[in-house]
Every structure is written in structure tokens, then in C-alpha cells.
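**Q** Handing you this structure, nothing more for now.
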Amino acid sequence: MLELDALLDFTDCDRGSIDSHPNYWYEGRCPQSGELLRLPRTRMSEDLARGLMRYLAADDSYDREGKMYGILLVEMPSGEQGILKAFSGLLNGCSIVEGWVPPIPGRDRVAFEEARTLTQLEAMKQELIALNQLPQRQEYEALFREFEVQMQVLSDRHRNCKQQRDEKRQLLCQTLAAETLEIALEQLNQESRLEKIERRQLKRQRDETLQPLKQLIEAAERRMRALKQQRKELSRELQTQMHAAYTLMNFLGKSRSLSSLMPTNSIPTGTGDCCAPKLLHYAAVNNLKPLAMAEFWWGPPSGDKIQGEFYGACGDRCQPLMGFLLSGLAQNSTVSNDEDFTGGLEAQPLLPTSNNFSCGTGILPVTKIHIVDAEPLDVGAVEARPKNHNISCGTGILPVTQMLPIIYEDKWLIAVNKPSGLLSVPGRYLENQDSVFSRLRNLLPDSLDLNAVHRLDWETSGILLLARDKETSSQLRQQFETKQVHKVYEAVLSGTVKIEAGTIDLPLWGDPENRPYQQVNWECGKPSVTRFQVMARKGNCDRVEFLPLTGTHASIEGSCSGCSRVGDTDFGRSALRMSGCCESATLARAGTFL
């Protein structure tokens with residue numbers, strides 16, 4: 001049954017207007033095209049969310065735990081509008097609650113493994129509690145304090161005795177002589193030796209009493225460390241299985257697992273259980289068109305979260321999913337305040353194109369893919385041949401505005417001519433989601449094991465290698481580490497180099513005030529050697545070829561011919577950074593050859 005509420009359940013009005021200036025945008029880059037996709041949080045969606053707050057306030061059960069809640073204003077195929085509502089995680093221990101959007105599907109496929117793992121984790125938790133509350137710990141602490149007191153009393157007494165002996169020695173030296181003085185002093189020395197024996201005996205007694213307890217406690221600590229590590233590994237394994245089982249659908253009708261959408265070593269716990277992904281997935285599955293969304297915190301405060309306040313998509317769990325979830329959702333950058341809130345946002349092509357294909361809920365631009373021919377690489381027994389890809393999905397042709405030129409491809413690896421202005425791999429937040437890796441990951445059918453072997457900086461264009469399986473990735477990384485890969489960089493410098501060729505040999509160190517740039521530092525810098533050769537001269541600009549010889553960076557003072565900004569030009573393991581902002585000045589060619 002469709003979990004859809006009527007507008008009148010949350011507000012006095014059944015119609016509203018779209019805001020031309022929303023209070024917040026849920027945003028994400030389309031994984032295939034890099035196009036920015038947006039869904040607003042409008043004044044009307046906030047009013048609807050406040051209606052949900054009134055509903056929550058009327059029931060004390062919602063005040064027991066603080067969590068995020070959300071509403072999604074949607075339009076059904078009939079044109080009628082409704083409200084979807086969701087909670088993050090579990091609600092009073094339940095994942096499925098009548099009237100609320102259900103969790104993202106897939107958890108049921110790992111239900112048995114989840115139950116088994118949770119049983120193991122609970123057993124480990126109880127054992128950890130028992131080990132932490134071991135009676136011998138308190139016994140050890142009590143005896144240790146008791147011996148400390150005894151040692152202090154003994155030390156105080158011995159100190160007083162020593163002071164008295166010192167005074168006696170002075171007096172004896174003044175009143176006695178010869179053999180009589182020697183006998184008297186020996187008696188005092190014997191007293192000192194007896195006190196040392198007494199101190200050693202007390203220490204021996206302390207150690208003999210405490211050592212067995214200490215050994216038990218140390219064994220318990222080792223067991224606790226082992227349990228914590230085992231618990232961590234079990235939790236990670238369960239999370240990996242759950243993230244592989246969780247399946248999200250977008251408005252192109254395309255489904256992907258969480259693990260394929262967030263290709264990181266450790267996906268944050270709770271990813272996929274937040275309100276926004278649950279709402280958007282449910283809308284896509286049920287052919288509902290999202291119009292606006294709003295999320296808020298309800299319950300006891302937590303960190304910076306305050307009851308009744310609105311919040312955007314969380315940076316580590318929700319934001320990386322937004323681009324995929326919003327793919328296929330029609331876009332429009334400007335809407336009049338006078339338009340009725342009765343329909344979806346009409347799709348508008350964001351880039352001029354002559355080829356428009358219907359996909360999902362609107363018309364999205366498609367441009368041609370240009371593949372550069374390349375000679376096969378001798379990497380295996382099977383001959384490798386470059387090929388084109390047919391980019392299609394269940395609902396039509398995928399939107400491609402800046403498709404990557406794949407210059408070589410076989411069963412083991414892919415070589416891409418990365419353009420300037422595009423990351424090699426995705427970052428953590430919205431502005432860093434679009435990358436070569438994320439586009440290929442969402443484009444290729446067998447991309448789950450795709451790995452970026454090396455990286456080129458955002459500003460740098462050139463050949464980027466990606467492995468299609470773990471074995472190939474390992475072998476290629478080893479080739480990079482052992483310097484079997486020959487890397488060549490080209491740059492256009494604003495200014496002339498006085499010599500035709502030479503070697504830059506300077507110790508470089510990361511500038512903490514201006515990352516990611518490097519600075520010459522003779523104390524902290526790492527050795528950096530780069531050869532260079534002037535390739536051509538034209539006017540006040542030189543085209544220079546650079547060959548890095550070390551694993552660190554070499555640096556040369558240069559500037560951008562487009563904007564004349566002077567700064568360091570850095571050449572790294574697989575990257576060339578320039579201070580210039582113009583593509584023509586950053587890199588003409590970055591070659592990577594096996």
C-alpha cells in the first residue's frame with residue numbers, strides 16, 4: 001500500500017506556490033554527466049514539515065529519542081499531490097511503521113546474517129562488560145593502594161632514621177677516634193643496611209601479592225583488545241554486506257547498490273537509513289514526482305541538532321548519494337511565484353544540443369561520445385581493442401553532457417583522457433563528487449571492482465589509468481612504485497627559460513598555508529629531481545616537457561599565460577599543479593605509458 005498522506009493532513013491549504021528563492025537546495029552531480037541536479041526546500045515544504053512536527057508533539061512516544069524526520073511533497077501521475085514522510089534509522093526500535101516510508105530494500109536479504117552477527121556482537125559486549133568489571137581489578141587497586149601507604153610510611157621512617165644517623169656520625173666524629181669511632185660508625189651502617197633489606201622485603205611481598213592479579217588483568221586486557229578488534233571486523237563485514245544488499249533506485253529507473261555508489265574503504269554506519277534517501281527512493285519506485293523536500297530534527301538535542309530546526313543533507317551519508325538519486329528528475333532553474341504547485345518542474349536542457357532523448361521524467365541533453373583510437377597494450381594473452389559504449393538505461397538514453405573520452409579499454413584496464421577541471425576520484429562533499437572514477441563507476445556494467453591506479457590533479461589533463469579488477473590494480477600499483485611507469489608532463493609557461501634543458505633538484509615540502517602547493521624547504525623538504533626540456537618557444541611563452549625522476553615533487557616558478565598569475569608549478573607522482581586558472585595554461589599533455 002502506498003504510504004501517501006494528503007496535503008490537508010499537514011496544512012490548511014491543498015495548493016501552494018513554488019518559491020523562486022528556496023531556502024535550501026538538495027543538490028548532487030549526475031554520476032554520468034556531471035550535471036548539477038537540484039531539489040528545493042521551499043517555504044511550503046517547511047510549512048508541511050511543521051504540520052508533521054505538530055503531529056509528533058501530540059504523541060510522547062516521539063520524544064524518547066532524537067532523530068531526523070523528513071517530508072517529501074510529490075505529484076502522482078494523475079496530477080494529485082501528496083506527502084511522503086520518513087524517519088531516520090529506527091523508530092522506537094522498528095524499521096517498518098505504518099504510515100511512514102519503509103526502509104530501503106535489501107536488508108531482508110541479509111536478515112539472517114544480521115541476526116547472527118548481532119547475537120555475536122551482543123555476546124562480545126557482555127564479555128567485554130564482564131572483563132571490564134573483573135573483581136580482581138578492584139582487589140588489585142585496593143592492595144596496590146595499601147602497599148603504597150605501607151611504602152610511604154616505611155620511607156618516612158627510614159628518612160627520619162637516616163637523618164638521625166647523619167647527626168650521630170657528626171657527633172661521633174667529634175668525640176671518638178680510631179678503633180672506637182670505626183666500631184660506632186659500622187653500627188650505624190648496619191642499621192642503614194637493615195633498612196634497605198626491610199624495604200626490599202616489603203617490595204617483594206608487594207610483587208608476590210600483586211603479580212598474580214596483574215597477570216589476570218593483563219590477560220583480560222589482551223582479551224578485550226582482541227574482542228574489540230573482532231567486533232570491529234564483524235561490524236565492518238556486516239555493514240559491507242548490508243551496503244551491498246541495499247538497493248537504491250533513481251528517476252531514470254536505474255538501481256544501484258550502496259557499495260557501488262559510495263566506493264570508499266569505509267562507508268559510514270547508517271548510510272541509506274537517512275530520511276532523504278528513503279524518501280527519494282520510495283518516490284522513484286512508485287513513479288511519484290518530487291516537488292520539494294524538508295528535513296528537521298525532533299527529540300532531545302544531539303550535538304548541534306536542535307528540535308524543530310531544519311537541516312540539509314548530511315555530508316558523509318546522504319550527500320554522496322544525491323547525484324544518483326536525483327538523476328532523471330526534471331530540472332528548471334527559474335520558476336515564477338505565481339505558478340500553482342500542481343505539477344512537476346518542467347525539464348529544461350542545460351546545455352545546447354541538437355540531440356534530445358526522453359529519459360525518466362523529463363528531457364535531458366545528450367552529446368556524442370568521441371573515442372580516440374589507440375594501439376593495444378601488451379598486457380595479456382588476449383588482444384585488447386578499444387571500443388565504443390552504448391549508453392542506455394531502462395527508461396531511455398542516459399544524459400551525457402561531458403562524457404569522458406576512453407582512449408583504450410580491455411578486460412583488465414581502461415585509459416581515459418582526463419580533461420582539466422575534473423577530479424580523478426570523488427571527494428567527500430557535494431563540490432567534490434564529480435570525477436572520472438564516479439562517472440565510470442556509474443556508467444560501466446561491471447564497475448564494482450574498478451580502481452583508480454593513480455591520480456591526476458583537478459587542473460591537470462592527461463591519461464588516467466583505471467584497473468577493472470583487484471589483481472590488475474595491484475600489479476599496476478607495483479609498477480608505479482617500482483618506477484616501471486614512464487610519466488611525461490607538458491606545460492605552457494608564461495615567460496621564457498634561459499636554458500634549453502636541465503635538471504631541477506630541490507627539496508620540497510608541503511606548504512601548510514597554501515595546500516596543495518609545495519615550497520622549497522632545505523630542512524624539512526624531501527628530495528625532488530625533475531628533468532626538463534624546452535620543446536618550443538613562441539613569444540613570451542615556452543612549452544616545456546618535464547620528466548619527474550623521484551616520488552616527490554619538483555618545482556619551477558611559472559605562471560598562467562591566460563591570467564598571468566605567478567606561482568609554483570608542482571610535478572608530483574602523477575600530477576602537475578599550476579597556479580594559473582586557465583585550462584590552456586595548466587597542462588598541454590600528461591602522458592602515462594607502460
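Residue numbering restarts at 1 for every chain of the C-alpha cells, chains are lettered A, B, ... in their displayed order, and ligands are numbered from 1 as they appear.
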Which of stretch 34-274 of chain A counts as alpha helix (DSSP H) under DSSP, as an MDAnalysis selection string please?
**A** chainID A and resid 43:57 111:132 135:175 178:245 258:261
**Q** What's around A:Ala283 at 9 Å? Count only C-alpha atoms, leave out sequence neighbours fewer than 4 positions away in its own chain, and write the answer as a short mmCIF file (atom, residue, chain, number, x, y, z; two decimals) with all heavy atoms, in the first residue's frame.
**A**
data_model
loop_
_atom_site.label_atom_id
_atom_site.label_comp_id
_atom_site.auth_asym_id
_atom_site.auth_seq_id
_atom_site.Cartn_x
_atom_site.Cartn_y
_atom_site.Cartn_z
N LEU A 72 8.40 14.74 1.93
CA LEU A 72 8.63 14.96 0.50
C LEU A 72 7.29 15.24 -0.16
O LEU A 72 6.38 14.40 -0.10
CB LEU A 72 9.29 13.73 -0.13
CG LEU A 72 9.61 13.83 -1.63
CD1 LEU A 72 10.65 14.91 -1.89
CD2 LEU A 72 10.11 12.48 -2.17
N VAL A 74 5.12 15.37 -3.26
CA VAL A 74 5.20 14.66 -4.54
C VAL A 74 3.93 14.87 -5.35
O VAL A 74 2.88 15.26 -4.82
CB VAL A 74 5.44 13.15 -4.34
CG1 VAL A 74 6.77 12.90 -3.67
CG2 VAL A 74 4.30 12.52 -3.53
N LEU A 84 4.89 12.37 1.45
CA LEU A 84 5.59 11.21 2.00
C LEU A 84 6.33 11.65 3.25
O LEU A 84 6.91 12.74 3.27
CB LEU A 84 6.59 10.64 0.99
CG LEU A 84 6.05 10.10 -0.34
CD1 LEU A 84 7.20 9.68 -1.24
CD2 LEU A 84 5.09 8.94 -0.10
N ASN A 250 16.76 5.45 -8.88
CA ASN A 250 16.59 6.86 -9.19
C ASN A 250 15.48 7.05 -10.21
O ASN A 250 14.79 6.09 -10.58
CB ASN A 250 17.91 7.48 -9.67
CG ASN A 250 18.42 6.84 -10.95
OD1 ASN A 250 17.68 6.16 -11.68
ND2 ASN A 250 19.69 7.05 -11.24
N PHE A 251 15.31 8.27 -10.68
CA PHE A 251 14.17 8.60 -11.54
C PHE A 251 14.44 8.28 -13.01
O PHE A 251 13.63 8.60 -13.87
CB PHE A 251 13.80 10.07 -11.35
CG PHE A 251 13.33 10.35 -9.95
CD1 PHE A 251 14.21 10.80 -8.98
CD2 PHE A 251 12.02 10.10 -9.58
CE1 PHE A 251 13.80 11.02 -7.68
CE2 PHE A 251 11.59 10.31 -8.29
CZ PHE A 251 12.48 10.77 -7.33
N LYS A 278 15.64 7.54 1.72
CA LYS A 278 14.44 6.73 1.81
C LYS A 278 13.29 7.38 1.05
O LYS A 278 12.54 6.71 0.33
CB LYS A 278 14.07 6.53 3.28
CG LYS A 278 15.05 5.64 4.04
CD LYS A 278 14.84 5.70 5.54
CE LYS A 278 13.55 5.05 6.00
NZ LYS A 278 13.47 4.98 7.48
N LEU A 279 13.13 8.68 1.20
CA LEU A 279 12.03 9.40 0.53
C LEU A 279 12.19 9.39 -0.99
O LEU A 279 11.24 9.10 -1.73
CB LEU A 279 11.96 10.83 1.05
CG LEU A 279 11.46 11.01 2.48
CD1 LEU A 279 11.74 12.42 2.98
CD2 LEU A 279 9.96 10.71 2.58
N ASN A 287 6.81 5.85 -8.92
CA ASN A 287 6.50 6.76 -10.02
C ASN A 287 5.87 8.06 -9.53
O ASN A 287 4.90 8.55 -10.09
CB ASN A 287 5.59 6.07 -11.05
CG ASN A 287 5.56 6.82 -12.37
OD1 ASN A 287 6.50 7.51 -12.74
ND2 ASN A 287 4.45 6.69 -13.10
N LEU A 288 6.42 8.59 -8.45
CA LEU A 288 5.97 9.86 -7.90
C LEU A 288 7.00 10.94 -8.21
O LEU A 288 8.21 10.70 -8.09
CB LEU A 288 5.77 9.75 -6.38
CG LEU A 288 4.82 8.65 -5.91
CD1 LEU A 288 4.85 8.55 -4.39
CD2 LEU A 288 3.40 8.93 -6.40
N LYS A 289 6.55 12.11 -8.60
CA LYS A 289 7.46 13.18 -8.99
C LYS A 289 7.73 14.10 -7.79
O LYS A 289 6.81 14.76 -7.29
CB LYS A 289 6.87 14.00 -10.13
CG LYS A 289 7.80 15.09 -10.64
CD LYS A 289 7.14 15.91 -11.72
CE LYS A 289 6.85 15.09 -12.95
NZ LYS A 289 6.31 15.91 -14.06
N PRO A 290 8.95 14.15 -7.28
CA PRO A 290 9.27 15.04 -6.16
C PRO A 290 9.16 16.51 -6.56
O PRO A 290 9.58 16.91 -7.65
CB PRO A 290 10.72 14.68 -5.81
CG PRO A 290 10.93 13.33 -6.40
CD PRO A 290 10.09 13.30 -7.63
#
**Q** Compare A:Cys161, A:His454, A:Gly34, A:Pro405 by their minimum atom-to-atom distance to A:Val485, counting only C-alpha atoms, and give me the closest one.
**A**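 Counting only C-alpha atoms, the residue closest to A:Val485 is A:His454.
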**Q** Write out as a PyMOL selection string the residues lying within 10 Å of stretch 165-174 of chain A, counting only C-alpha atoms and excluding same-chain residues fewer than 2 positions away.
**A** chain A and resi 159-163+176-178+180-182+184-185+187-189+191-192
**Q** Quick check for you: according to DSSP on this backbone, which residues of stretch 424-568 of chain A are classed as strand (DSSP E)? Reply as a ChimeraX atom specification.
**A** /A:451-452,462-467,486-494,501-505,508-510,518-520,529-538,541-548,554-559,566-568
**Q** To one decimal in Å, tell me the separation between atom CA of A:Ala6 and atom CA of A:Gln81.
**A**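 According to the coordinates, atom CA of A:Ala6 and atom CA of A:Gln81 are separated by 7.4 Å.
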**Q** For stretch 421-423 of chain A, please output as a count of residues only all residues within 9 Å (counting only C-alpha atoms; exclusion window: fewer than 3 positions along the same chain).
**A** 17
**Q** Using only C-alpha atoms, can you tell me which of A:Leu326, A:Leu121, A:Leu404, A:Leu280 comes closest to A:Lys228?
**A** A:Leu121
**Q** Need to verify the contact set: A:Phe324, 7 Å, only C-alpha atoms, exclusion of same-chain residues closer than 2 positions in sequence. Can you return it as a PyMOL selection string?
**A** chain A and resi 30-31+250+321-322+326-327
**Q** Under the rule that only C-alpha atoms are counted, which of A:Gln205, A:Asn521, A:Gln475, A:Ser61 is the nearest residue to A:Gln150?
**A** A:Gln205
**Q** Hey, what's within 8 Å of A:Ser259 if we count only C-alpha atoms and toss same-chain stuff fewer than 3 positions away? As JSON, numbers by chain, please?
**A** {"A": [240, 243, 244, 262, 263, 267]}
**Q** Can you spit out the residues from that selection as a CSV table (one decimal), in the first residue's frame, using N, CA and C atoms?
**A**
chain,number,residue,atom,x,y,z
A,240,THR,N,29.3,-4.1,5.3
A,240,THR,CA,29.7,-4.3,3.9
A,240,THR,C,28.6,-5.1,3.2
A,243,HIS,N,25.4,-2.9,2.9
A,243,HIS,CA,25.6,-1.9,1.8
A,243,HIS,C,25.6,-2.5,0.4
A,244,ALA,N,26.1,-3.7,0.3
A,244,ALA,CA,26.0,-4.4,-1.0
A,244,ALA,C,24.5,-4.8,-1.3
A,262,MET,N,29.0,4.4,-3.3
A,262,MET,CA,30.0,5.1,-2.4
A,262,MET,C,31.2,4.2,-2.3
A,263,PRO,N,32.0,4.3,-3.3
A,263,PRO,CA,33.2,3.4,-3.4
A,263,PRO,C,34.3,3.9,-2.5
A,267,ILE,N,32.3,2.8,4.4
A,267,ILE,CA,31.1,3.6,4.3
A,267,ILE,C,30.5,3.9,5.7
**Q** What lies within 8 Å of stretch 541-547 of chain A using only C-alpha atoms, ignoring chain neighbours under 2 positions off, as a ChimeraX atom specification?
**A** /A:487-497,530-539,549,561
**Q** Atom CA of A:Leu227 and atom CA of A:Ala123, how far apart in Å?
**A**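 These two atoms are separated by 10.2 Å.
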**Q** Ranking A:Leu134, A:Val529, A:Leu238, A:Ala58 by minimum distance to A:Ala219 and counting only C-alpha atoms, which one comes first?
**A**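 Smallest separation from A:Ala219 among the options: A:Leu134.
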**Q** Report the distance between atom CA of A:Arg231 and atom CA of A:Pro103 in Å, rounded to one decimal place.
**A**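 Calculated distance between atom CA of A:Arg231 and atom CA of A:Pro103 is 25.2 Å.
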**Q** Which of these, A:Ile306, A:Leu506, A:Leu234, A:Ala276, has the shortest distance to A:Leu118 once you count only C-alpha atoms?
**A**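 Nearest candidate to A:Leu118 out of A:Ile306, A:Leu506, A:Leu234, A:Ala276: A:Leu234.
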